[in-house]
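Below is one structure; the comments refer to it alone.
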Amino acid sequence: MSKARLVITAVTVENRPVSEVARSYGVARSWIYSLLARYQAEGEAAFEPRSRRPKTSPNAISDDTVDLIIGLRKELAGQGLDAGPDTIAWHLGHHHQLRVSPATVARYLARHGLVVPEPRKRPKSSYIRFAAGQPNECWQADFTHYPLADGTGTEI
């Protein structure tokens, strides 16, 4: 049971004062009042967790610009020219009068699957050495199959 449900139940069902509930559960009275208002407006849906994601992003680029980035990528790659983020940002600035950073272009290209990201850091799993703890604990064989002149196979 969530803390919000406990607080709302204590105030509405048990008819306890808001200040007493706030003191016993260690929450602010203003939060309890906002929960009560939400519960009266929405009912049981007030107890569901809410997204903390912002409704708008002022730094996001428009869908037309994204389409233009993707179109430029396909056009430049089709002509055999460099179609990297720096080149696309240059074309956007000089031919379309749009100022978009190369990092933003790279982010949208990766988001649409046009670029395979290549991380520059080694994975942590590569730090583990392949070594035996005791002598003769690990053996490794490296061989290849080779056909002889009479058609039989051998391993080298």
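Every chain in the structure tokens takes a letter, A first, then B, and so on in the order presented; its residues are numbered from 1, and the ligands are numbered from 1 following the presented order.
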
**Message:** I want to know what sits within 10 Å of Ile70 (chain A), based on only C-alpha atoms, with residues of the same chain fewer than 3 positions away left out; could you give that as a ChimeraX atom specification?
**Reply:** /A:64-67,73-75,88,105,108-109,112,114

Let's have the selection written as a short mmCIF file (atom, residue, chain, number, x, y, z; two decimals), in the first residue's frame, with C-alpha atoms.
data_model
loop_
_atom_site.label_atom_id
_atom_site.label_comp_id
_atom_site.auth_asym_id
_atom_site.auth_seq_id
_atom_site.Cartn_x
_atom_site.Cartn_y
_atom_site.Cartn_z
CA ASP A 64 10.23 19.35 -39.90
CA THR A 65 13.88 19.79 -38.90
CA VAL A 66 14.14 16.10 -38.00
CA ASP A 67 12.70 15.17 -41.41
CA ARG A 73 21.51 12.10 -44.56
CA LYS A 74 19.92 9.95 -47.28
CA GLU A 75 20.66 12.48 -50.03
CA ILE A 88 24.64 17.74 -42.04
CA VAL A 105 22.13 15.82 -35.40
CA TYR A 108 18.53 12.19 -33.97
CA LEU A 109 20.40 10.05 -36.51
CA HIS A 112 16.14 6.88 -36.14
CA LEU A 114 20.68 5.65 -39.30
#

**Item:** DSSP helix (DSSP H, G or I) selection over chain A, as a PyMOL selection string
**Value:** chain A and resi 3-12+18-25+29-47+63-78+85-95+102-111+124-127

Keeping only C-alpha atoms, write the selected residues to a file as a PDB file, in the first residue's frame.
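See part_33.pdb below for the written result:
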ATOM      1  CA  LYS A   3       1.899   6.212   1.466  1.00  0.00           C
ATOM      2  CA  ALA A   4      -0.562   8.344  -0.510  1.00  0.00           C
ATOM      3  CA  ARG A   5      -3.287   5.709  -0.058  1.00  0.00           C
ATOM      4  CA  LEU A   6      -2.526   5.493   3.680  1.00  0.00           C
ATOM      5  CA  VAL A   7      -2.727   9.246   4.105  1.00  0.00           C
ATOM      6  CA  ILE A   8      -5.957   9.596   2.120  1.00  0.00           C
ATOM      7  CA  THR A   9      -7.530   6.676   4.016  1.00  0.00           C
ATOM      8  CA  ALA A  10      -6.530   8.181   7.365  1.00  0.00           C
ATOM      9  CA  VAL A  11      -8.122  11.521   6.485  1.00  0.00           C
ATOM     10  CA  THR A  12     -11.256  10.378   4.627  1.00  0.00           C
ATOM     11  CA  VAL A  18      -4.833  16.695   8.481  1.00  0.00           C
ATOM     12  CA  SER A  19      -2.246  18.088  10.903  1.00  0.00           C
ATOM     13  CA  GLU A  20      -2.298  14.892  12.985  1.00  0.00           C
ATOM     14  CA  VAL A  21      -1.923  12.690   9.884  1.00  0.00           C
ATOM     15  CA  ALA A  22       0.926  14.887   8.633  1.00  0.00           C
ATOM     16  CA  ARG A  23       2.708  14.562  11.962  1.00  0.00           C
ATOM     17  CA  SER A  24       2.225  10.780  12.260  1.00  0.00           C
ATOM     18  CA  TYR A  25       3.357   9.981   8.679  1.00  0.00           C
ATOM     19  CA  ARG A  29       0.210  19.262   5.170  1.00  0.00           C
ATOM     20  CA  SER A  30       0.270  20.916   1.753  1.00  0.00           C
ATOM     21  CA  TRP A  31       1.000  17.524   0.162  1.00  0.00           C
ATOM     22  CA  ILE A  32      -1.968  15.999   1.974  1.00  0.00           C
ATOM     23  CA  TYR A  33      -4.249  18.790   0.754  1.00  0.00           C
ATOM     24  CA  SER A  34      -3.049  18.296  -2.827  1.00  0.00           C
ATOM     25  CA  LEU A  35      -3.654  14.535  -2.483  1.00  0.00           C
ATOM     26  CA  LEU A  36      -7.155  15.176  -1.165  1.00  0.00           C
ATOM     27  CA  ALA A  37      -7.941  17.510  -4.062  1.00  0.00           C
ATOM     28  CA  ARG A  38      -6.610  14.968  -6.553  1.00  0.00           C
ATOM     29  CA  TYR A  39      -8.604  12.168  -4.882  1.00  0.00           C
ATOM     30  CA  GLN A  40     -11.823  14.203  -5.024  1.00  0.00           C
ATOM     31  CA  ALA A  41     -11.241  15.037  -8.701  1.00  0.00           C
ATOM     32  CA  GLU A  42     -10.003  11.659  -9.982  1.00  0.00           C
ATOM     33  CA  GLY A  43     -11.065   9.037  -7.456  1.00  0.00           C
ATOM     34  CA  GLU A  44      -8.933   5.879  -7.287  1.00  0.00           C
ATOM     35  CA  ALA A  45      -6.737   7.057 -10.193  1.00  0.00           C
ATOM     36  CA  ALA A  46      -5.146   9.565  -7.789  1.00  0.00           C
ATOM     37  CA  PHE A  47      -3.121   6.725  -6.229  1.00  0.00           C
ATOM     38  CA  ASP A  63       9.561  17.507 -36.633  1.00  0.00           C
ATOM     39  CA  ASP A  64      10.228  19.352 -39.904  1.00  0.00           C
ATOM     40  CA  THR A  65      13.878  19.788 -38.904  1.00  0.00           C
ATOM     41  CA  VAL A  66      14.139  16.103 -38.004  1.00  0.00           C
ATOM     42  CA  ASP A  67      12.700  15.168 -41.406  1.00  0.00           C
ATOM     43  CA  LEU A  68      15.186  17.542 -43.045  1.00  0.00           C
ATOM     44  CA  ILE A  69      18.091  15.921 -41.151  1.00  0.00           C
ATOM     45  CA  ILE A  70      17.004  12.449 -42.249  1.00  0.00           C
ATOM     46  CA  GLY A  71      16.474  13.625 -45.821  1.00  0.00           C
ATOM     47  CA  LEU A  72      19.912  15.259 -45.951  1.00  0.00           C
ATOM     48  CA  ARG A  73      21.508  12.097 -44.563  1.00  0.00           C
ATOM     49  CA  LYS A  74      19.916   9.948 -47.275  1.00  0.00           C
ATOM     50  CA  GLU A  75      20.656  12.478 -50.032  1.00  0.00           C
ATOM     51  CA  LEU A  76      24.326  12.913 -49.084  1.00  0.00           C
ATOM     52  CA  ALA A  77      24.885   9.195 -48.581  1.00  0.00           C
ATOM     53  CA  GLY A  78      23.194   8.479 -51.922  1.00  0.00           C
ATOM     54  CA  PRO A  85      26.683  15.007 -38.216  1.00  0.00           C
ATOM     55  CA  ASP A  86      29.159  17.843 -38.879  1.00  0.00           C
ATOM     56  CA  THR A  87      28.395  17.844 -42.599  1.00  0.00           C
ATOM     57  CA  ILE A  88      24.638  17.744 -42.043  1.00  0.00           C
ATOM     58  CA  ALA A  89      24.891  20.589 -39.495  1.00  0.00           C
ATOM     59  CA  TRP A  90      26.899  22.612 -42.033  1.00  0.00           C
ATOM     60  CA  HIS A  91      24.270  22.027 -44.754  1.00  0.00           C
ATOM     61  CA  LEU A  92      21.480  22.988 -42.362  1.00  0.00           C
ATOM     62  CA  GLY A  93      23.253  26.230 -41.495  1.00  0.00           C
ATOM     63  CA  HIS A  94      24.338  27.279 -44.992  1.00  0.00           C
ATOM     64  CA  HIS A  95      21.498  26.023 -47.194  1.00  0.00           C
ATOM     65  CA  PRO A 102      26.316  18.332 -34.630  1.00  0.00           C
ATOM     66  CA  ALA A 103      25.629  16.539 -31.338  1.00  0.00           C
ATOM     67  CA  THR A 104      21.891  17.068 -31.821  1.00  0.00           C
ATOM     68  CA  VAL A 105      22.130  15.815 -35.403  1.00  0.00           C
ATOM     69  CA  ALA A 106      24.022  12.726 -34.208  1.00  0.00           C
ATOM     70  CA  ARG A 107      21.431  12.090 -31.489  1.00  0.00           C
ATOM     71  CA  TYR A 108      18.532  12.193 -33.967  1.00  0.00           C
ATOM     72  CA  LEU A 109      20.396  10.048 -36.511  1.00  0.00           C
ATOM     73  CA  ALA A 110      21.015   7.409 -33.838  1.00  0.00           C
ATOM     74  CA  ARG A 111      17.413   7.670 -32.624  1.00  0.00           C
ATOM     75  CA  LYS A 124      34.035  -3.605 -17.954  1.00  0.00           C
ATOM     76  CA  SER A 125      33.950  -7.305 -18.839  1.00  0.00           C
ATOM     77  CA  SER A 126      37.129  -6.876 -20.893  1.00  0.00           C
ATOM     78  CA  TYR A 127      39.102  -5.940 -17.770  1.00  0.00           C
TER      79      TYR A 127
END

**Request:** Using DSSP on the backbone, list every residue of chain A that comes out as strand (DSSP E or B), and give them as a PyMOL selection string.
**Result:** chain A and resi 145-147+153-155

**Complete:** One decimal place gives the CA of Ser2 (chain A)-CA of Val27 (chain A) separation as 13.2 Å

**Message:** Please report the interatomic distance between CA of Thr144 (chain A) and CA of Ile156 (chain A) in Å with one decimal.
**Reply:** 5.4 Å
